[in-house]
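The block underneath contains the structure these notes are about, expressed in structure tokens.
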Number of protein chains: 2
Amino acid sequence: MRQRKLWGWGYDGEGVEPAEREALTAALKSRFPDHEPQDAQPPRREDLNLPEPRVSLPSVLAGLGSSELVERATHAYGKSYRDLVRSLRGLFGHPPDVVARPRNESDVTALLEWCADAKVAAIPYGGGTSVVGGVEPVVGDSYSGTVSIDLGRLDRVLEIDSVSGLARIQGGTLGPSLEEQLQPHGLTLRHYPQSFELSTLGGWIATRSAGHHAILHTHVDDLVASVRTITPAGVFQTRRLPASGAGPAPERLIIGSEGAFGIVTEAWMRVRERPRFREGAAATFESFDRGVAAARALARSDLYPATCRLLDQTEALLAGAGDGVRSVLLISFESHDHALGPWVDRAVELSSDYGGESSPGRSRGSPAEAWRRAFLRAPHLRDEMIRIGFTVETFETAVVWSGLSQLIESVREGVEAAAPEAMLMVRLTHAYPDGAAPYFTVIAPAPPGAEVERWDEIKAAASDAILARGGTITHHHAVGRDHRAWYDQERPEPYAEALRAAKQALDPSWILNPGVLLDPPDGS
Amino acid sequence: MRQRKLWGWGYDGEGVEPAEREALTAALKSRFPDHEPQDAQPPRREDLNLPEPRVSLPSVLAGLGSSELVERATHAYGKSYRDLVRSLRGLFGHPPDVVARPRNESDVTALLEWCADAKVAAIPYGGGTSVVGGVEPVVGDSYSGTVSIDLGRLDRVLEIDSVSGLARIQGGTLGPSLEEQLQPHGLTLRHYPQSFELSTLGGWIATRSAGHHAILHTHVDDLVASVRTITPAGVFQTRRLPASGAGPAPERLIIGSEGAFGIVTEAWMRVRERPRFREGAAATFESFDRGVAAARALARSDLYPATCRLLDQTEALLAGAGDGVRSVLLISFESHDHALGPWVDRAVELSSDYGGESSPGRSRGSPAEAWRRAFLRAPHLRDEMIRIGFTVETFETAVVWSGLSQLIESVREGVEAAAPEAMLMVRLTHAYPDGAAPYFTVIAPAPPGAEVERWDEIKAAASDAILARGGTITHHHAVGRDHRAWYDQERPEPYAEALRAAKQALDPSWILNPGVLLDPPDGS
């Protein structure tokens with residue numbers, strides 16, 4: 001049984017090789033010559049210094065939980081830069097008092113009942129890959145304690161309806177396990193967020209995650225045929241349907257609810273036959289803007305590529321997918337049904353209309369393949385860069401095409417004003433007929449001891465720019481605790497009132513993930 | 001200025017020709033030899049006998065409204081069979097006391113404020129094409145009166161963002177007017193419910209209408225980039241975005257809200273370049289089930305046809321699209337971007353894998369064209385059949401592929417048990433990767449004087465069968481007042497609680513379309 005690392009991405013034994021680490025250090029040294037590389041060591045078990053637990057499970061539930069140090073430490077944070085740097089420094093201000101691992105829905109219900117009785121905040125925990133403070137048990141003083149409810153034991157594909165192409169899957173199932181269980185049936189969910197390896201179906205649904213596929217079936221929202229959620233007010237089970245027009249869609253209140261309304265225990269998911277045909281191409285452009293024009297045309301073409309991702313020159317260079325001068329548009333098509341020649345031919349033709357220079361092919365060594373490897377490797381590299389003393393973080397949004405270049409420009413100005421030393425890269429991760437999702441990466445030397453404050457300044461500047469330019473505070477990273485201030489600006493006030501009322505109905509004791517989406521009423 | 005008919009579909013002067021009427025009468029006579037054709041005459045203005053209005057607008061709003069007889073009569077019902085037969089008989093039990101036509105959002109706000117103060121129920125009215133009792137002012141005794149708020153004056157395309165492919169459109173804009181206003185820009189919303197001619201954008205959004213295009217971009221839900229709604233609690237304006245992951249989607253609470261939360265005054269809609277390429281084919285099958293298998297394969301093929309509609313042998317015959325023996329699958333592809341040869345070739349190949357015999361072509365005289373003409377003509381024919389003394393009504397659902405044939409069989413048994421004399425036809429109007437939307441048409445001799453009760457029995461039997469077999473009470477006809485009993489069974493109870501709480505927050509006086517989706521609390 002592989003063990004998750006106490007600090008950083010992945011499992012014990014994984015990570016960058018010494019040679020990779022040396023090359024990375026040298027590259028950073030050449031880009032940031034004034035910054036002295038550090039070598040911060042991840043905390044070990046014996047270093048952990050956590051506040052004493054304030055509550056413990058009642059004896060009838062005791063077998064489900066633990067207040068063991070490593071359990072509490074590994075459930076104290078998600079995987080944002082703020083999280084990684086704080087745990088690297090051994091700062092665990094708000095670990096959960098207990099980590100509970102329910103075996104079934106009855107356990108979930110019993111845990112929530114105890115939380116309501118004992119005024120303990122319940123933090124639903126899937127894979128713990130939140131980058132927005134979604135699983136951090138910072139809940140204010142009105143709670144007697146916190147319990148992190150880890151759904152890891154609910155990890156099965158329970159049922160497959162191969163005629164309809166649907167699979168009933170438990171909420172705690174990790175990406176790789178889910179695909180392994182579907183594979184013998186020739187099926188795939190084909191939902192690949194960057195966190196895929198360590199994140200769960202329930203987490204994807206609760207956070208409206210997006211896969212790396214473009215344009216169609218991107219957000220998990222569209223893959224949900226029905227969802228089953230345990231709320232303090234009872235089981236919220238939607239009907240398994242291909243479509244419906246009966247009132248506002250009930251599943252859409254759960255999708256994106258970030259654990260504030262209940263715990264997603266199961267969903268019927270739309271799965272598909274595994275692709276047998278794949279075609280790809282990469283086109284390079286003299287400017288990012290020309291690439292944007294091509295991506296827009298492709299998104300509006302009715303061709304529905306599986307990938308339509310635009311990298312700026314620096315992103316492309318760092319991923320080994322470009323020369324550092326030209327932007328790169330990665331295109332791919334997939335199908336289980338038919339060969340894709342006419343599709344990719346037209347896509348290449350379209351991108352050449354905007355000055356794209358194309359090389360087809362998806363073999364190893366191609367830009368698309370290089371990008372894919374870099375994408376999967378990125379979390380490990382980030383861990384190393386943080387240890388070397390750099391701020392490395394990403395943020396993302398979505399905006400209509402007409403507002404895209406102004407938004408990127410404003411974000412650039414905002415980040416530059418807040419951190420002139422920072423390096424900022426951008427890619428379009430998703431393209432829609434009416435807009436795109438720009439995704440930014442910041443790399444900057446971190447001021448030792450003030451890393452979080454510094455990052456918060458940069459992030460605030462970027463978030464202000466995003467909101468001012470018509471973007472959303474998140475395309476697929478969710479709201480959590482870190483995005484609340486901007487989410488509150490973005491959300492229509494009458495909708496906030498409606499959500500507050502719905503929360504009161506579903507979770508009358510306000511025990512579920514307090515502070516996420518909504519604040520508990522005064523005096524709760 | 002064309003005048004809407006006082007009774008039936010469309011505008012004065014439209015309808016069936018005498019020869020068409022004779023042919024229809026003869027056809028019905030041959031199918032139902034025992035039924036004596038009638039010749040009920042639509043009510044004339046001078047025949048109208050309505051209860052006296054109980055309330056009138058205050059003087060400051062008086063210019064917006066009217067209690068004139070024809071206004072009240074034409075806003076008393078939608079266009080269901082129940083509606084048509086009652087108004088044909090001159091039965092107007094619950095007409096609105098006032099019909100108001102706001103000119104702008106301030107008028108809407110003022111009207112809602114008056115309604116709240118005077119405890120008058122406000123019934124939002126778009127094109128009045130509801131077939132589920134959605135606009136009928138039956139609201140119970142706790143209200144002092146009813147006002148039908150007709151949005152017909154909010155009928156403009158206000159703004160076009162051609163870079164993003166978005167149009168800002170007022171809620172009261174009728175289908176043809178909307179398309180006319182987009183046409184000079186080379187754009188189209190391409191949303192064609194059967195009611196298109198007489199229904200409005202706001203109505204489509206409020207009822208989650210579906211266009212006649214298949215598979216992708218079918219429900220209006222997916223075409224909404226943002227929506228603006230006047231609620232008693234303030235303006236509910238969502239952000240214009242191509243996608244977002246920030247909390248549960250706010251627009252999804254409005255889409256399908258059927259006027260119970262507010263009045264949709266505007267939306268930014270995703271529009272597309274007008275198609276330049278069109279290809280179609282029709283395939284015939286020896287059985288409906290074989291056609292279902294082909295439709296399923298096509299829906300799962302990643303080809304995304306614009307049309308994928310399966311008619312049973314009787315539907316096909318009556319539409320002039322078949323021989324009365326074989327089922328017919330109508331397929332079409334559209335694009336503004338590329339020729340569609342490879343798409344239609346593969347679709348034809350797929351349907352032949354299931355025994356489909358195909359004839360390509362979309363020229364006039366083709367099965368697809370015949371079907372389209374019959375589809376547009378259907379409401380006029382229905383009016384005539386009702387006058388001749390027949391019950392003619394449709395109902396629809398959606399269900400996963402694995403449950404489809406059992407559901408159709410159960411509906412057939414239910415209808416036959418309730419009305420052995422009835423003729424029942426079925427088509428699949430929409431096909432999804434995981435299921436389809438079967439659409440049923442019932443034709444039966446109507447018992448004079450007991451038409452509504454008779455139909456209600458048939459409808460209840462069909463609805464019970466649909467629910468028992470895992471369908472939804474409506475794929476695109478909405479809930480209204482007629483579907484409430486089944487909607488309440490389908491809706492998860494915690495969701496009902498959440499909706500009730502949201503309603504209380506958005507419409508604290510419960511004046512908006514009471515009885516639709518939710519009942520007013522006791523004593524309100």
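For the structure tokens, the naming scheme is as follows: chains receive sequential letters (A, B, ...) according to their order of presentation, residues are indexed from 1 within each chain, and ligands are indexed from 1 in presentation order.
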Rows by chain and residue number, range 242-344 of chain A within 8 Å of range 172-186 of chain A, shortest pair, only C-alpha atoms, as a Markdown table:
```
| residue | atom | partner | partner_atom | distance |
| --- | --- | --- | --- | --- |
| A:Thr265 | CA | A:Gly172 | CA | 7.3 |
| A:Glu273 | CA | A:Gly186 | CA | 5.9 |
| A:Arg274 | CA | A:Gly186 | CA | 5.8 |
```
Residues as selected, C-alpha atoms, written as a PDB file, in the first residue's frame, can you do that?
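See selection-v7.pdb below for the written result:
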```pdb
ATOM      1  CA  THR A 265     -21.459   9.705  -1.686  1.00  0.00           C
ATOM      2  CA  GLU A 273     -16.313   4.049 -25.071  1.00  0.00           C
ATOM      3  CA  ARG A 274     -12.538   4.300 -24.889  1.00  0.00           C
TER       4      ARG A 274
END
```
**Q.** Residue contacts of Gly341 in chain B (12 Å, only C-alpha atoms) excluding same-chain residues fewer than 5 positions away, as a count of residues only
**A.** 17
Q | helix (DSSP H, G or I) call set, DSSP backbone run, range 101-244 of chain B, as a ChimeraX atom specification | A | /B:105-118,175-185,196-198,201-207,220-223
Take the residues from that selection and write them out as a CSV table (one decimal), in the first residue's frame, keeping N, CA and C atoms.
```csv
chain,number,residue,atom,x,y,z
B,105,GLU,N,-37.9,47.6,-17.2
B,105,GLU,CA,-37.7,47.0,-15.9
B,105,GLU,C,-38.3,47.7,-14.7
B,106,SER,N,-38.3,49.1,-14.8
B,106,SER,CA,-38.9,49.8,-13.7
B,106,SER,C,-40.4,49.5,-13.6
B,107,ASP,N,-41.1,49.4,-14.8
B,107,ASP,CA,-42.5,49.0,-14.7
B,107,ASP,C,-42.7,47.6,-14.1
B,108,VAL,N,-41.8,46.7,-14.4
B,108,VAL,CA,-41.9,45.3,-13.8
B,108,VAL,C,-41.7,45.4,-12.3
B,109,THR,N,-40.7,46.2,-11.9
B,109,THR,CA,-40.5,46.3,-10.4
B,109,THR,C,-41.7,46.9,-9.8
B,110,ALA,N,-42.3,48.0,-10.4
B,110,ALA,CA,-43.4,48.7,-9.8
B,110,ALA,C,-44.6,47.7,-9.7
B,111,LEU,N,-44.8,46.9,-10.8
B,111,LEU,CA,-45.9,46.0,-10.8
B,111,LEU,C,-45.8,45.0,-9.7
B,112,LEU,N,-44.5,44.4,-9.5
B,112,LEU,CA,-44.3,43.4,-8.5
B,112,LEU,C,-44.5,44.0,-7.1
B,113,GLU,N,-44.1,45.3,-6.9
B,113,GLU,CA,-44.3,45.9,-5.6
B,113,GLU,C,-45.8,46.1,-5.3
B,114,TRP,N,-46.5,46.5,-6.3
B,114,TRP,CA,-48.0,46.6,-6.1
B,114,TRP,C,-48.6,45.3,-5.7
B,115,CYS,N,-48.2,44.2,-6.5
B,115,CYS,CA,-48.7,42.9,-6.2
B,115,CYS,C,-48.4,42.5,-4.8
B,116,ALA,N,-47.2,42.7,-4.3
B,116,ALA,CA,-46.8,42.4,-2.9
B,116,ALA,C,-47.7,43.1,-1.9
B,117,ASP,N,-47.8,44.4,-2.2
B,117,ASP,CA,-48.6,45.2,-1.2
B,117,ASP,C,-50.1,44.8,-1.2
B,118,ALA,N,-50.6,44.5,-2.4
B,118,ALA,CA,-52.1,44.3,-2.5
B,118,ALA,C,-52.4,42.8,-2.5
B,175,GLY,N,-39.7,34.3,-31.0
B,175,GLY,CA,-38.8,33.6,-31.8
B,175,GLY,C,-38.5,34.3,-33.1
B,176,PRO,N,-39.5,34.5,-34.0
B,176,PRO,CA,-39.2,35.0,-35.3
B,176,PRO,C,-38.6,36.4,-35.3
B,177,SER,N,-39.0,37.3,-34.3
B,177,SER,CA,-38.5,38.6,-34.2
B,177,SER,C,-37.0,38.5,-33.8
B,178,LEU,N,-36.7,37.7,-32.9
B,178,LEU,CA,-35.3,37.5,-32.4
B,178,LEU,C,-34.4,37.1,-33.6
B,179,GLU,N,-34.9,36.1,-34.4
B,179,GLU,CA,-34.1,35.7,-35.5
B,179,GLU,C,-33.9,36.8,-36.6
B,180,GLU,N,-35.0,37.6,-36.7
B,180,GLU,CA,-35.0,38.7,-37.7
B,180,GLU,C,-33.9,39.7,-37.3
B,181,GLN,N,-33.9,40.0,-36.0
B,181,GLN,CA,-32.9,41.0,-35.5
B,181,GLN,C,-31.5,40.5,-35.5
B,182,LEU,N,-31.3,39.2,-35.4
B,182,LEU,CA,-29.9,38.7,-35.5
B,182,LEU,C,-29.5,38.5,-36.9
B,183,GLN,N,-30.4,38.3,-37.8
B,183,GLN,CA,-30.1,37.9,-39.2
B,183,GLN,C,-29.1,38.9,-39.9
B,184,PRO,N,-29.3,40.2,-39.8
B,184,PRO,CA,-28.4,41.2,-40.4
B,184,PRO,C,-26.9,41.0,-40.0
B,185,HIS,N,-26.7,40.4,-38.8
B,185,HIS,CA,-25.4,40.2,-38.3
B,185,HIS,C,-24.8,38.9,-38.7
B,196,PHE,N,-42.0,28.0,-31.4
B,196,PHE,CA,-41.1,29.1,-31.8
B,196,PHE,C,-41.8,30.3,-32.3
B,197,GLU,N,-42.8,30.2,-33.1
B,197,GLU,CA,-43.5,31.3,-33.7
B,197,GLU,C,-44.1,32.2,-32.7
B,198,LEU,N,-44.6,31.6,-31.6
B,198,LEU,CA,-45.4,32.4,-30.6
B,198,LEU,C,-44.8,32.4,-29.2
B,201,LEU,N,-38.1,34.4,-25.6
B,201,LEU,CA,-36.9,34.0,-25.0
B,201,LEU,C,-37.0,33.8,-23.5
B,202,GLY,N,-37.7,34.8,-22.9
B,202,GLY,CA,-37.9,34.7,-21.4
B,202,GLY,C,-38.7,33.4,-21.0
B,203,GLY,N,-39.7,33.1,-21.9
B,203,GLY,CA,-40.4,31.9,-21.6
B,203,GLY,C,-39.6,30.6,-21.8
B,204,TRP,N,-38.7,30.6,-22.8
B,204,TRP,CA,-37.9,29.5,-23.1
B,204,TRP,C,-37.0,29.3,-21.8
B,205,ILE,N,-36.4,30.4,-21.3
B,205,ILE,CA,-35.5,30.2,-20.2
B,205,ILE,C,-36.2,29.8,-19.0
B,206,ALA,N,-37.4,30.4,-18.7
B,206,ALA,CA,-38.2,30.0,-17.5
B,206,ALA,C,-38.6,28.6,-17.6
B,207,THR,N,-38.8,28.0,-18.8
B,207,THR,CA,-39.3,26.7,-18.8
B,207,THR,C,-38.3,25.6,-19.3
B,220,VAL,N,-32.3,25.1,-23.9
B,220,VAL,CA,-31.9,26.6,-23.9
B,220,VAL,C,-30.9,26.8,-22.7
B,221,ASP,N,-30.9,26.0,-21.7
B,221,ASP,CA,-30.0,26.1,-20.6
B,221,ASP,C,-28.6,26.3,-21.1
B,222,ASP,N,-28.1,25.6,-22.1
B,222,ASP,CA,-26.8,25.6,-22.6
B,222,ASP,C,-26.5,26.9,-23.4
B,223,LEU,N,-27.5,27.6,-23.8
B,223,LEU,CA,-27.3,28.8,-24.6
B,223,LEU,C,-27.2,30.1,-23.8
```
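Minimum distance to Gln170 in chain B across B:Ala225, B:Val135, B:Val479, B:Met269 (counting only C-alpha atoms) occurs at B:Met269.
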Q.
Let's see if you can do this: from backbone DSSP, list all strand (DSSP E or B) residues in range 219-441 of chain B, as a PyMOL selection string.
A. chain B and resi 219+224-231+234-237+263-270+272-273+277-285+307-311+327-335+357-360+390-396+399-400+423-432+435-441
Q: Kindly determine which residues of chain A lie within 6 Å of chain B, considering only C-alpha atoms, and give the answer as number ranges by chain.
A: A: 163-165, 208, 236-238, 241-242, 244-248, 253, 255-257, 301, 337, 399-402, 434-435, 474-476, 478-479, 492, 494, 498, 501-502, 505
Expected file contents, prior selection, N, CA and C atoms, as a compact mmCIF listing (two decimals), in the first residue's frame:
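Full text of again_7.txt as output:
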```
# COMPACT_ATOMS: atom_id res chain seq x y z
N VAL A 163 -25.62 -0.19 -21.59
CA VAL A 163 -26.53 0.24 -22.67
C VAL A 163 -26.62 1.76 -22.69
N SER A 164 -26.74 2.34 -21.50
CA SER A 164 -26.87 3.79 -21.43
C SER A 164 -25.52 4.50 -21.35
N GLY A 165 -24.46 3.74 -21.11
CA GLY A 165 -23.15 4.38 -20.94
C GLY A 165 -23.09 5.17 -19.66
N ARG A 208 -16.86 21.53 -9.15
CA ARG A 208 -17.04 21.80 -10.58
C ARG A 208 -15.71 21.75 -11.32
N PHE A 236 -30.24 13.54 -0.46
CA PHE A 236 -30.56 14.37 -1.62
C PHE A 236 -30.13 13.55 -2.84
N GLN A 237 -31.10 12.80 -3.37
CA GLN A 237 -30.82 11.88 -4.49
C GLN A 237 -31.56 12.38 -5.72
N THR A 238 -30.84 12.77 -6.74
CA THR A 238 -31.54 13.21 -7.95
C THR A 238 -31.81 12.01 -8.83
N LEU A 241 -31.15 10.72 -15.19
CA LEU A 241 -31.82 11.14 -16.42
C LEU A 241 -30.81 11.66 -17.43
N PRO A 242 -31.09 11.45 -18.71
CA PRO A 242 -30.21 12.03 -19.73
C PRO A 242 -30.45 13.54 -19.89
N SER A 244 -33.66 16.77 -18.54
CA SER A 244 -34.98 17.02 -17.98
C SER A 244 -35.28 18.50 -18.07
N GLY A 245 -36.56 18.82 -18.07
CA GLY A 245 -36.97 20.21 -18.03
C GLY A 245 -37.86 20.49 -16.83
N ALA A 246 -37.75 19.63 -15.81
CA ALA A 246 -38.66 19.72 -14.66
C ALA A 246 -38.08 20.62 -13.57
N GLY A 247 -38.37 21.90 -13.68
CA GLY A 247 -37.92 22.85 -12.65
C GLY A 247 -36.43 23.11 -12.74
N PRO A 248 -35.94 24.03 -11.90
CA PRO A 248 -34.49 24.27 -11.88
C PRO A 248 -33.78 22.95 -11.59
N LEU A 253 -27.56 22.37 -7.83
CA LEU A 253 -27.35 22.97 -6.51
C LEU A 253 -26.23 22.25 -5.76
N ILE A 255 -23.71 20.40 -7.46
CA ILE A 255 -22.47 20.56 -8.23
C ILE A 255 -21.92 21.97 -7.95
N GLY A 256 -20.76 22.02 -7.34
CA GLY A 256 -20.19 23.30 -6.95
C GLY A 256 -20.49 23.70 -5.52
N SER A 257 -21.12 22.83 -4.76
CA SER A 257 -21.51 23.22 -3.40
C SER A 257 -20.36 23.10 -2.40
N SER A 301 -16.01 26.39 -34.54
CA SER A 301 -16.05 25.70 -35.85
C SER A 301 -17.00 24.52 -35.91
N ASP A 337 -15.33 6.09 -32.58
CA ASP A 337 -16.22 5.70 -33.67
C ASP A 337 -15.63 5.82 -35.07
N VAL A 399 -13.37 34.17 -19.46
CA VAL A 399 -13.88 35.48 -19.88
C VAL A 399 -14.31 35.36 -21.35
N VAL A 400 -15.23 36.21 -21.73
CA VAL A 400 -15.67 36.17 -23.13
C VAL A 400 -14.52 36.63 -24.05
N TRP A 401 -14.57 36.18 -25.31
CA TRP A 401 -13.47 36.49 -26.23
C TRP A 401 -13.21 37.98 -26.32
N SER A 402 -14.27 38.78 -26.33
CA SER A 402 -14.08 40.23 -26.53
C SER A 402 -13.34 40.87 -25.36
N ASP A 434 -17.90 31.07 -26.88
CA ASP A 434 -18.02 32.48 -26.51
C ASP A 434 -16.88 33.02 -25.67
N GLY A 435 -15.88 32.23 -25.40
CA GLY A 435 -14.78 32.76 -24.60
C GLY A 435 -13.77 31.68 -24.28
N THR A 474 -13.01 32.02 -10.63
CA THR A 474 -12.44 30.70 -10.90
C THR A 474 -13.18 29.98 -12.01
N HIS A 475 -12.41 29.45 -12.94
CA HIS A 475 -12.98 28.59 -13.98
C HIS A 475 -13.09 27.15 -13.50
N HIS A 476 -12.13 26.69 -12.69
CA HIS A 476 -12.21 25.29 -12.23
C HIS A 476 -11.42 25.01 -10.96
N ALA A 478 -12.44 26.28 -7.96
CA ALA A 478 -13.43 26.44 -6.89
C ALA A 478 -13.19 27.70 -6.07
N VAL A 479 -14.03 27.91 -5.09
CA VAL A 479 -14.02 29.15 -4.30
C VAL A 479 -13.24 28.96 -2.99
N PRO A 492 -24.51 37.25 -7.68
CA PRO A 492 -25.63 38.20 -7.54
C PRO A 492 -26.15 38.17 -6.10
N PRO A 494 -29.14 38.64 -4.74
CA PRO A 494 -30.33 37.79 -4.47
C PRO A 494 -29.98 36.30 -4.49
N ALA A 498 -30.62 33.49 -1.63
CA ALA A 498 -31.26 32.18 -1.90
C ALA A 498 -30.37 31.04 -1.40
N ALA A 501 -30.53 30.78 2.35
CA ALA A 501 -31.78 30.13 2.76
C ALA A 501 -31.73 28.63 2.51
N ALA A 502 -31.17 28.24 1.37
CA ALA A 502 -31.05 26.81 1.07
C ALA A 502 -30.13 26.13 2.08
N ALA A 505 -31.88 25.46 5.21
CA ALA A 505 -32.81 24.33 5.09
C ALA A 505 -32.07 22.99 5.09
```
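Residue neighbourhood of range 72-78 of chain A, excluding near-sequence residues (fewer than 5 positions): A:Leu6, A:Trp7, A:Leu48, A:Leu50, A:Ser67, A:Asp83, A:Leu84, A:Ser87, A:Phe92, A:His94, A:Pro95, A:Pro96, A:Asp97, A:Val98, A:Val99, A:Tyr125, A:Gly128, A:Thr129, A:Ser130, A:Val131, A:Val132, A:Gly133, A:Gly134, A:Val135, A:Glu136, A:Pro137, A:Ser148, at 8 Å, using only C-alpha atoms.
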Preceding selection exported with C-alpha atoms as a tab-separated table (two decimals), in the first residue's frame:
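The resulting file, again-v5.tsv, is reproduced below:
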```
chain	number	residue	atom	x	y	z
A	6	LEU	CA	3.62	13.87	4.60
A	7	TRP	CA	4.53	16.94	2.55
A	48	LEU	CA	5.25	17.74	13.88
A	50	LEU	CA	0.25	20.38	16.45
A	67	SER	CA	-6.39	11.99	16.10
A	83	ASP	CA	-0.64	25.38	2.04
A	84	LEU	CA	2.69	23.96	0.92
A	87	SER	CA	3.39	23.03	6.11
A	92	PHE	CA	-0.10	23.84	11.52
A	94	HIS	CA	-5.72	24.73	12.42
A	95	PRO	CA	-5.41	21.01	11.88
A	96	PRO	CA	-8.60	19.00	12.27
A	97	ASP	CA	-9.12	17.62	15.75
A	98	VAL	CA	-10.17	14.31	14.29
A	99	VAL	CA	-9.89	12.64	10.90
A	125	TYR	CA	-12.21	15.71	2.33
A	128	GLY	CA	-7.08	16.94	-0.41
A	129	THR	CA	-5.92	18.66	-3.60
A	130	SER	CA	-7.84	21.90	-3.08
A	131	VAL	CA	-5.78	24.93	-4.08
A	132	VAL	CA	-8.25	27.44	-2.61
A	133	GLY	CA	-8.41	26.57	1.08
A	134	GLY	CA	-11.42	24.33	0.54
A	135	VAL	CA	-10.40	21.67	3.09
A	136	GLU	CA	-8.59	23.78	5.67
A	137	PRO	CA	-10.43	23.61	8.99
A	148	SER	CA	-12.11	16.17	8.54
```
Q) Between A:Arg427, A:Arg156, A:His213, A:Arg103, which has the minimum distance to Ala316 in chain A (counting only C-alpha atoms)? A) A:Arg427
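Nearest to Ala23 in chain B of all the residues B:Ala374, B:Leu381, B:Ala283, B:Ile443 is B:Leu381, based on only C-alpha atoms.
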